[in-house]
>>> print(open('upload.txt').read())   # compact mmCIF, N, CA and C atoms
# COMPACT_ATOMS: atom_id res chain seq x y z
N MET A 216 24.00 -8.42 -33.25
CA MET A 216 24.97 -7.35 -33.20
C MET A 216 26.04 -7.49 -34.27
N GLU A 217 26.28 -8.74 -34.73
CA GLU A 217 27.33 -8.95 -35.73
C GLU A 217 27.00 -8.30 -37.07
N ASN A 218 25.72 -8.21 -37.35
CA ASN A 218 25.30 -7.65 -38.64
C ASN A 218 25.24 -6.13 -38.66
N ILE A 219 25.51 -5.49 -37.54
CA ILE A 219 25.32 -4.05 -37.48
C ILE A 219 26.22 -3.31 -38.47
N PHE A 220 27.49 -3.78 -38.63
CA PHE A 220 28.37 -3.14 -39.61
C PHE A 220 27.81 -3.29 -41.01
N GLU A 221 27.42 -4.50 -41.35
CA GLU A 221 26.86 -4.74 -42.69
C GLU A 221 25.57 -3.96 -42.89
N GLN A 222 24.68 -4.00 -41.92
CA GLN A 222 23.40 -3.29 -42.04
C GLN A 222 23.63 -1.79 -42.21
N PHE A 223 24.50 -1.22 -41.39
CA PHE A 223 24.78 0.21 -41.47
C PHE A 223 25.42 0.56 -42.82
N THR A 224 26.46 -0.16 -43.17
CA THR A 224 27.20 0.15 -44.40
C THR A 224 26.33 -0.02 -45.64
N VAL A 225 25.62 -1.11 -45.73
CA VAL A 225 24.78 -1.36 -46.90
C VAL A 225 23.65 -0.33 -46.97
N SER A 226 23.05 0.00 -45.84
CA SER A 226 21.97 0.99 -45.84
C SER A 226 22.45 2.36 -46.30
N VAL A 227 23.60 2.79 -45.79
CA VAL A 227 24.15 4.09 -46.19
C VAL A 227 24.51 4.09 -47.67
N LEU A 228 25.14 3.04 -48.15
CA LEU A 228 25.49 2.95 -49.57
C LEU A 228 24.24 2.94 -50.45
N LYS A 229 23.22 2.19 -50.01
CA LYS A 229 21.98 2.12 -50.78
C LYS A 229 21.31 3.49 -50.85
N LEU A 230 21.25 4.19 -49.71
CA LEU A 230 20.68 5.54 -49.71
C LEU A 230 21.43 6.45 -50.67
N ASN A 231 22.74 6.41 -50.59
CA ASN A 231 23.56 7.27 -51.46
C ASN A 231 23.33 6.96 -52.93
N LYS A 232 23.33 5.68 -53.27
CA LYS A 232 23.11 5.29 -54.68
C LYS A 232 21.72 5.69 -55.16
N LEU A 233 20.71 5.48 -54.33
CA LEU A 233 19.35 5.83 -54.75
C LEU A 233 19.17 7.34 -54.90
N VAL A 234 19.73 8.10 -53.99
CA VAL A 234 19.64 9.57 -54.12
C VAL A 234 20.33 10.00 -55.42
N HIS A 235 21.48 9.43 -55.69
CA HIS A 235 22.21 9.76 -56.92
C HIS A 235 21.38 9.40 -58.16
N LYS A 236 20.78 8.22 -58.15
CA LYS A 236 19.96 7.79 -59.29
C LYS A 236 18.74 8.70 -59.47
N ILE A 237 18.12 9.10 -58.37
CA ILE A 237 16.96 9.99 -58.46
C ILE A 237 17.37 11.35 -59.03
N LYS A 238 18.47 11.89 -58.54
CA LYS A 238 18.96 13.17 -59.08
C LYS A 238 19.25 13.04 -60.57
N SER A 239 19.88 11.94 -60.96
CA SER A 239 20.20 11.72 -62.37
C SER A 239 18.94 11.70 -63.23
N LEU A 240 17.95 10.96 -62.79
CA LEU A 240 16.69 10.89 -63.53
C LEU A 240 16.01 12.26 -63.61
N GLU A 241 15.98 12.96 -62.51
CA GLU A 241 15.32 14.26 -62.47
C GLU A 241 16.03 15.31 -63.33
N MET A 242 17.33 15.19 -63.50
CA MET A 242 18.10 16.18 -64.26
C MET A 242 18.27 15.82 -65.72
N ARG A 243 17.94 14.59 -66.07
CA ARG A 243 18.14 14.12 -67.44
C ARG A 243 17.47 15.04 -68.46
N GLU A 244 16.23 15.44 -68.20
CA GLU A 244 15.51 16.27 -69.17
C GLU A 244 16.13 17.66 -69.35
N TYR A 245 16.96 18.06 -68.39
CA TYR A 245 17.61 19.38 -68.46
C TYR A 245 19.04 19.28 -68.98
N GLY A 246 19.50 18.07 -69.22
CA GLY A 246 20.87 17.87 -69.69
C GLY A 246 21.92 18.15 -68.63
N LEU A 247 21.53 18.03 -67.37
CA LEU A 247 22.45 18.29 -66.27
C LEU A 247 22.72 17.02 -65.48
N LYS A 248 23.72 17.11 -64.60
CA LYS A 248 24.11 15.96 -63.79
C LYS A 248 23.81 16.23 -62.32
N THR A 249 24.05 15.22 -61.52
CA THR A 249 23.75 15.32 -60.09
C THR A 249 24.52 16.44 -59.40
N ILE A 250 25.74 16.67 -59.80
CA ILE A 250 26.55 17.71 -59.18
C ILE A 250 25.92 19.09 -59.36
N HIS A 251 25.23 19.28 -60.46
CA HIS A 251 24.59 20.57 -60.73
C HIS A 251 23.47 20.86 -59.73
N VAL A 252 22.79 19.81 -59.29
CA VAL A 252 21.70 19.96 -58.32
C VAL A 252 22.23 20.62 -57.05
N MET A 253 23.30 20.07 -56.52
CA MET A 253 23.82 20.58 -55.26
C MET A 253 24.46 21.96 -55.43
N CYS A 254 25.09 22.21 -56.55
CA CYS A 254 25.64 23.56 -56.79
C CYS A 254 24.52 24.59 -56.78
N ILE A 255 23.46 24.32 -57.51
CA ILE A 255 22.33 25.26 -57.57
C ILE A 255 21.67 25.37 -56.20
N TYR A 256 21.53 24.26 -55.51
CA TYR A 256 20.93 24.28 -54.18
C TYR A 256 21.71 25.22 -53.26
N TYR A 257 23.02 25.04 -53.18
CA TYR A 257 23.82 25.86 -52.27
C TYR A 257 23.88 27.32 -52.73
N LEU A 258 23.96 27.55 -54.03
CA LEU A 258 23.97 28.93 -54.52
C LEU A 258 22.64 29.62 -54.22
N ASN A 259 21.56 28.88 -54.27
CA ASN A 259 20.25 29.45 -53.97
C ASN A 259 20.12 29.77 -52.48
N SER A 260 20.75 28.96 -51.64
CA SER A 260 20.66 29.19 -50.20
C SER A 260 21.60 30.30 -49.73
N ARG A 261 22.52 30.68 -50.59
CA ARG A 261 23.46 31.77 -50.27
C ARG A 261 23.48 32.75 -51.44
N ARG A 262 22.45 33.56 -51.49
CA ARG A 262 22.23 34.44 -52.63
C ARG A 262 23.34 35.46 -52.85
N GLU A 263 24.17 35.70 -51.82
CA GLU A 263 25.31 36.60 -51.98
C GLU A 263 26.40 35.96 -52.83
N GLY A 264 26.27 34.67 -53.07
CA GLY A 264 27.21 33.95 -53.92
C GLY A 264 28.23 33.15 -53.12
N LEU A 265 28.89 32.27 -53.82
CA LEU A 265 29.92 31.41 -53.24
C LEU A 265 31.08 31.32 -54.22
N THR A 266 32.24 31.03 -53.71
CA THR A 266 33.38 30.75 -54.57
C THR A 266 33.39 29.27 -54.92
N ALA A 267 34.19 28.90 -55.90
CA ALA A 267 34.32 27.49 -56.26
C ALA A 267 34.86 26.69 -55.08
N ALA A 268 35.79 27.28 -54.34
CA ALA A 268 36.35 26.59 -53.17
C ALA A 268 35.26 26.32 -52.12
N GLU A 269 34.38 27.28 -51.92
CA GLU A 269 33.29 27.09 -50.96
C GLU A 269 32.32 26.02 -51.44
N LEU A 270 32.03 26.02 -52.74
CA LEU A 270 31.15 24.99 -53.30
C LEU A 270 31.79 23.60 -53.17
N THR A 271 33.08 23.54 -53.38
CA THR A 271 33.81 22.28 -53.24
C THR A 271 33.64 21.73 -51.83
N LYS A 272 33.79 22.58 -50.86
CA LYS A 272 33.65 22.16 -49.46
C LYS A 272 32.22 21.74 -49.14
N LEU A 273 31.26 22.52 -49.58
CA LEU A 273 29.85 22.23 -49.27
C LEU A 273 29.34 20.97 -49.95
N THR A 274 29.72 20.77 -51.21
CA THR A 274 29.20 19.64 -51.97
C THR A 274 29.98 18.35 -51.76
N LEU A 275 31.15 18.46 -51.15
CA LEU A 275 32.04 17.32 -50.95
C LEU A 275 32.54 16.74 -52.27
N GLU A 276 32.60 17.58 -53.27
CA GLU A 276 33.10 17.18 -54.59
C GLU A 276 34.53 17.71 -54.75
N ASP A 277 35.25 17.19 -55.74
CA ASP A 277 36.61 17.70 -55.95
C ASP A 277 36.58 18.98 -56.78
N LYS A 278 37.69 19.71 -56.73
CA LYS A 278 37.76 21.02 -57.39
C LYS A 278 37.50 20.95 -58.88
N ALA A 279 38.06 19.95 -59.53
CA ALA A 279 37.90 19.83 -60.98
C ALA A 279 36.43 19.62 -61.35
N ALA A 280 35.75 18.78 -60.59
CA ALA A 280 34.33 18.52 -60.87
C ALA A 280 33.50 19.78 -60.67
N ILE A 281 33.80 20.54 -59.65
CA ILE A 281 33.08 21.79 -59.40
C ILE A 281 33.37 22.78 -60.52
N SER A 282 34.59 22.87 -60.95
CA SER A 282 34.94 23.78 -62.05
C SER A 282 34.15 23.44 -63.31
N ARG A 283 34.08 22.16 -63.63
CA ARG A 283 33.32 21.75 -64.81
C ARG A 283 31.83 22.04 -64.63
N ALA A 284 31.33 21.78 -63.44
CA ALA A 284 29.90 22.03 -63.17
C ALA A 284 29.57 23.51 -63.30
N ILE A 285 30.41 24.36 -62.75
CA ILE A 285 30.17 25.81 -62.81
C ILE A 285 30.23 26.29 -64.26
N LYS A 286 31.18 25.75 -65.01
CA LYS A 286 31.27 26.14 -66.42
C LYS A 286 29.98 25.76 -67.15
N THR A 287 29.50 24.54 -66.93
CA THR A 287 28.26 24.09 -67.56
C THR A 287 27.08 24.96 -67.14
N LEU A 288 26.97 25.24 -65.85
CA LEU A 288 25.87 26.08 -65.36
C LEU A 288 25.95 27.49 -65.94
N GLY A 289 27.16 27.98 -66.15
CA GLY A 289 27.32 29.29 -66.79
C GLY A 289 26.87 29.25 -68.24
N GLU A 290 27.23 28.19 -68.95
CA GLU A 290 26.82 28.05 -70.35
C GLU A 290 25.30 27.92 -70.49
N CYS A 291 24.67 27.35 -69.47
CA CYS A 291 23.21 27.21 -69.46
C CYS A 291 22.51 28.52 -69.05
N GLY A 292 23.29 29.47 -68.58
CA GLY A 292 22.73 30.73 -68.14
C GLY A 292 22.20 30.72 -66.72
N TYR A 293 22.59 29.73 -65.94
CA TYR A 293 22.09 29.61 -64.57
C TYR A 293 22.96 30.32 -63.54
N VAL A 294 24.23 30.54 -63.86
CA VAL A 294 25.12 31.25 -62.94
C VAL A 294 25.91 32.31 -63.68
N SER A 295 26.36 33.29 -62.91
CA SER A 295 27.27 34.30 -63.47
C SER A 295 28.50 34.37 -62.59
N TYR A 296 29.64 34.58 -63.22
CA TYR A 296 30.92 34.70 -62.51
C TYR A 296 31.96 35.11 -63.53
N ASP A 297 33.11 35.55 -63.04
CA ASP A 297 34.22 35.90 -63.92
C ASP A 297 35.18 34.72 -63.95
N PRO A 298 35.17 33.93 -65.04
CA PRO A 298 36.00 32.72 -65.09
C PRO A 298 37.51 33.00 -65.09
N LYS A 299 37.89 34.24 -65.37
CA LYS A 299 39.31 34.58 -65.40
C LYS A 299 39.83 35.04 -64.05
N ARG A 300 38.94 35.24 -63.11
CA ARG A 300 39.32 35.76 -61.81
C ARG A 300 39.40 34.63 -60.78
N TYR A 301 40.56 34.50 -60.15
CA TYR A 301 40.74 33.49 -59.11
C TYR A 301 39.87 33.87 -57.91
N GLY A 302 39.14 32.91 -57.40
CA GLY A 302 38.28 33.16 -56.25
C GLY A 302 37.04 33.96 -56.58
N ALA A 303 36.64 33.92 -57.85
CA ALA A 303 35.47 34.68 -58.27
C ALA A 303 34.22 34.19 -57.53
N VAL A 304 33.35 35.13 -57.24
CA VAL A 304 32.09 34.79 -56.60
C VAL A 304 31.11 34.35 -57.68
N ILE A 305 30.47 33.22 -57.44
CA ILE A 305 29.51 32.64 -58.37
C ILE A 305 28.11 32.92 -57.81
N LYS A 306 27.24 33.45 -58.64
CA LYS A 306 25.88 33.77 -58.21
C LYS A 306 24.89 33.20 -59.21
N LEU A 307 23.71 32.90 -58.70
CA LEU A 307 22.63 32.46 -59.58
C LEU A 307 22.11 33.66 -60.38
N THR A 308 21.81 33.41 -61.63
CA THR A 308 21.11 34.40 -62.44
C THR A 308 19.62 34.27 -62.15
N ASP A 309 18.82 35.10 -62.77
CA ASP A 309 17.37 34.96 -62.61
C ASP A 309 16.91 33.59 -63.09
N ALA A 310 17.47 33.15 -64.22
CA ALA A 310 17.12 31.82 -64.75
C ALA A 310 17.56 30.74 -63.77
N GLY A 311 18.72 30.93 -63.14
CA GLY A 311 19.21 29.98 -62.15
C GLY A 311 18.32 29.93 -60.92
N ALA A 312 17.84 31.09 -60.51
CA ALA A 312 16.92 31.14 -59.36
C ALA A 312 15.61 30.44 -59.69
N ASP A 313 15.14 30.63 -60.90
CA ASP A 313 13.92 29.92 -61.33
C ASP A 313 14.15 28.41 -61.33
N PHE A 314 15.31 28.00 -61.83
CA PHE A 314 15.62 26.58 -61.87
C PHE A 314 15.82 26.02 -60.46
N ALA A 315 16.33 26.83 -59.55
CA ALA A 315 16.45 26.41 -58.16
C ALA A 315 15.07 26.09 -57.59
N GLY A 316 14.06 26.82 -58.03
CA GLY A 316 12.69 26.53 -57.61
C GLY A 316 12.25 25.17 -58.10
N VAL A 317 12.60 24.83 -59.33
CA VAL A 317 12.28 23.50 -59.89
C VAL A 317 12.94 22.42 -59.03
N ILE A 318 14.21 22.62 -58.73
CA ILE A 318 14.96 21.64 -57.92
C ILE A 318 14.34 21.52 -56.53
N SER A 319 13.98 22.65 -55.94
CA SER A 319 13.37 22.62 -54.60
C SER A 319 12.07 21.84 -54.59
N ARG A 320 11.26 22.03 -55.62
CA ARG A 320 9.99 21.30 -55.70
C ARG A 320 10.24 19.80 -55.88
N LYS A 321 11.20 19.45 -56.71
CA LYS A 321 11.52 18.04 -56.92
C LYS A 321 12.08 17.42 -55.63
N ALA A 322 12.93 18.15 -54.94
CA ALA A 322 13.50 17.66 -53.67
C ALA A 322 12.41 17.48 -52.62
N ALA A 323 11.51 18.45 -52.53
CA ALA A 323 10.42 18.35 -51.56
C ALA A 323 9.54 17.14 -51.85
N SER A 324 9.31 16.88 -53.12
CA SER A 324 8.50 15.73 -53.52
C SER A 324 9.19 14.43 -53.12
N ALA A 325 10.50 14.36 -53.32
CA ALA A 325 11.25 13.15 -52.96
C ALA A 325 11.25 12.94 -51.45
N VAL A 326 11.48 14.01 -50.70
CA VAL A 326 11.50 13.90 -49.24
C VAL A 326 10.13 13.47 -48.73
N LYS A 327 9.09 14.03 -49.31
CA LYS A 327 7.73 13.65 -48.90
C LYS A 327 7.48 12.17 -49.20
N ALA A 328 7.93 11.71 -50.35
CA ALA A 328 7.71 10.32 -50.74
C ALA A 328 8.42 9.34 -49.82
N VAL A 329 9.60 9.70 -49.36
CA VAL A 329 10.36 8.76 -48.53
C VAL A 329 10.00 8.83 -47.05
N SER A 330 9.28 9.85 -46.65
CA SER A 330 8.96 9.96 -45.23
C SER A 330 7.48 10.22 -44.99
N TYR A 331 6.66 9.75 -45.90
CA TYR A 331 5.22 10.01 -45.80
C TYR A 331 4.60 9.41 -44.55
N ASP A 332 5.18 8.32 -44.04
CA ASP A 332 4.59 7.68 -42.87
C ASP A 332 5.29 8.05 -41.56
N PHE A 333 6.12 9.10 -41.61
CA PHE A 333 6.76 9.63 -40.40
C PHE A 333 5.90 10.76 -39.85
N THR A 334 5.85 10.86 -38.56
CA THR A 334 5.28 12.07 -37.97
C THR A 334 6.34 13.16 -38.09
N ASP A 335 5.96 14.40 -37.90
CA ASP A 335 6.94 15.48 -37.93
C ASP A 335 8.03 15.25 -36.88
N GLU A 336 7.63 14.77 -35.71
CA GLU A 336 8.59 14.52 -34.63
C GLU A 336 9.56 13.40 -35.02
N GLN A 337 9.06 12.35 -35.64
CA GLN A 337 9.92 11.24 -36.08
C GLN A 337 10.91 11.72 -37.14
N ARG A 338 10.41 12.51 -38.07
CA ARG A 338 11.26 13.02 -39.14
C ARG A 338 12.39 13.88 -38.57
N ILE A 339 12.05 14.78 -37.66
CA ILE A 339 13.05 15.66 -37.03
C ILE A 339 14.07 14.82 -36.27
N ALA A 340 13.60 13.86 -35.49
CA ALA A 340 14.51 13.01 -34.71
C ALA A 340 15.41 12.19 -35.62
N PHE A 341 14.85 11.63 -36.68
CA PHE A 341 15.64 10.81 -37.60
C PHE A 341 16.77 11.62 -38.23
N TYR A 342 16.45 12.78 -38.76
CA TYR A 342 17.49 13.58 -39.41
C TYR A 342 18.52 14.10 -38.42
N LYS A 343 18.09 14.37 -37.20
CA LYS A 343 19.04 14.79 -36.16
C LYS A 343 20.01 13.65 -35.86
N GLU A 344 19.49 12.45 -35.72
CA GLU A 344 20.34 11.29 -35.44
C GLU A 344 21.27 10.99 -36.62
N LEU A 345 20.75 11.10 -37.82
CA LEU A 345 21.57 10.88 -39.00
C LEU A 345 22.73 11.88 -39.07
N GLU A 346 22.43 13.12 -38.74
CA GLU A 346 23.48 14.15 -38.71
C GLU A 346 24.52 13.83 -37.62
N THR A 347 24.05 13.36 -36.48
CA THR A 347 24.97 12.98 -35.40
C THR A 347 25.88 11.84 -35.85
N ILE A 348 25.32 10.85 -36.53
CA ILE A 348 26.13 9.73 -37.04
C ILE A 348 27.19 10.25 -38.01
N ALA A 349 26.79 11.12 -38.92
CA ALA A 349 27.75 11.68 -39.89
C ALA A 349 28.84 12.47 -39.18
N ASP A 350 28.48 13.27 -38.20
CA ASP A 350 29.47 14.04 -37.44
C ASP A 350 30.42 13.12 -36.69
N ASN A 351 29.88 12.07 -36.07
CA ASN A 351 30.72 11.13 -35.34
C ASN A 351 31.66 10.37 -36.26
N LEU A 352 31.16 9.98 -37.43
CA LEU A 352 32.03 9.31 -38.41
C LEU A 352 33.15 10.24 -38.87
N GLU A 353 32.82 11.50 -39.07
CA GLU A 353 33.84 12.47 -39.48
C GLU A 353 34.91 12.63 -38.39
N LYS A 354 34.49 12.68 -37.14
CA LYS A 354 35.45 12.77 -36.03
C LYS A 354 36.34 11.53 -35.98
N TYR A 355 35.73 10.37 -36.15
CA TYR A 355 36.49 9.12 -36.14
C TYR A 355 37.49 9.10 -37.30
N TYR A 356 37.04 9.48 -38.48
CA TYR A 356 37.92 9.54 -39.65
C TYR A 356 39.08 10.49 -39.38
N ASN A 357 38.79 11.67 -38.86
CA ASN A 357 39.84 12.65 -38.60
C ASN A 357 40.84 12.12 -37.58
N SER A 358 40.36 11.40 -36.58
CA SER A 358 41.29 10.83 -35.59
C SER A 358 42.19 9.77 -36.24
N LEU A 359 41.61 8.99 -37.18
CA LEU A 359 42.43 8.01 -37.89
C LEU A 359 43.48 8.71 -38.77
N MET A 360 43.08 9.79 -39.39
CA MET A 360 44.01 10.55 -40.25
C MET A 360 45.14 11.14 -39.43
N GLU A 361 44.87 11.48 -38.20
CA GLU A 361 45.89 12.05 -37.30
C GLU A 361 46.72 10.97 -36.64
N GLY A 362 46.41 9.70 -36.95
CA GLY A 362 47.19 8.61 -36.39
C GLY A 362 46.68 8.12 -35.06
N GLY A 363 45.57 8.63 -34.62
CA GLY A 363 45.00 8.22 -33.33
C GLY A 363 44.07 7.03 -33.50
N ARG A 364 43.71 6.47 -32.42
CA ARG A 364 42.77 5.36 -32.40
C ARG A 364 41.64 5.70 -31.43
N GLN A 365 40.46 5.18 -31.71
CA GLN A 365 39.34 5.40 -30.78
C GLN A 365 38.82 4.08 -30.31
>>> encode(input="upload.txt", output="structure tokens")
Amino acid sequence: MENIFEQFTVSVLKLNKLVHKIKSLEMREYGLKTIHVMCIYYLNSRREGLTAAELTKLTLEDKAAISRAIKTLGECGYVSYDPKRYGAVIKLTDAGADFAGVISRKAASAVKAVSYDFTDEQRIAFYKELETIADNLEKYYNSLMEGGRQ
């Protein structure tokens, strides 16, 4: 039981680092970074568009990083928006939608590779539990921020 903190923390950090490295490798040929993957992913899942503030919240990135990412994606022709308008809605262009397909295929391949020996039921249960852990950690963090203890 003493190793549970270390096991949990190291496993989560390792997962995060490996996912980041995989995204970096997959985007290298396109001249994009990991942040662009998630921006395109979320914009593709919400075809009506999102604001930079909404992307910031969804991607868990800071505002400045999202602003730079959106500018880059606009220069690549993947998104359209009015950069002079505060709260502008950002939408994928046709080229961006096509590229979202590339990202989806790469993501599906990665997910398949890491869970090839899971049954569908195991995969569903694992991701449900992982989401529960993340939600519980967020609640704990928020209670600490409010000065409470659990």
>>> select_by_dssp(input="upload.txt", residues="chain A", states="strand (DSSP E)", output="number ranges by chain")
A: 294-295, 306-307
>>> write_last_selection(input="upload.txt", atoms="N, CA and C atoms", output="mmCIF file, in the coordinates of the input")
data_model
loop_
_atom_site.group_PDB
_atom_site.id
_atom_site.type_symbol
_atom_site.label_atom_id
_atom_site.label_comp_id
_atom_site.auth_asym_id
_atom_site.auth_seq_id
_atom_site.Cartn_x
_atom_site.Cartn_y
_atom_site.Cartn_z
ATOM 1 N N VAL A 294 24.230 30.540 -63.860
ATOM 2 C CA VAL A 294 25.120 31.250 -62.940
ATOM 3 C C VAL A 294 25.910 32.310 -63.680
ATOM 4 N N SER A 295 26.360 33.290 -62.910
ATOM 5 C CA SER A 295 27.270 34.300 -63.470
ATOM 6 C C SER A 295 28.500 34.370 -62.590
ATOM 7 N N LYS A 306 27.240 33.450 -58.640
ATOM 8 C CA LYS A 306 25.880 33.770 -58.210
ATOM 9 C C LYS A 306 24.890 33.200 -59.210
ATOM 10 N N LEU A 307 23.710 32.900 -58.700
ATOM 11 C CA LEU A 307 22.630 32.460 -59.580
ATOM 12 C C LEU A 307 22.110 33.660 -60.380
#
>>> residues_around(input="upload.txt", residues="segment 298-310 of chain A", least_positions_apart="2", cutoff="7 Å", atoms="only N, CA and C atoms", output="JSON, numbers by chain")
{"A": [258, 259, 262, 263, 264, 265, 266, 267, 268, 292, 293, 294, 295, 296, 312, 313, 314, 315]}
>>> select_by_dssp(input="upload.txt", residues="segment 239-365 of chain A", states="alpha helix (DSSP H)", output="PyMOL selection string")
chain A and resi 239-243+249-260+267-274+278-290+309-329+335-360
>>> atom_distance(input="upload.txt", atom1="atom CA of Lys248 of chain A", atom2="atom CA of Arg261 of chain A")
20.8 Å
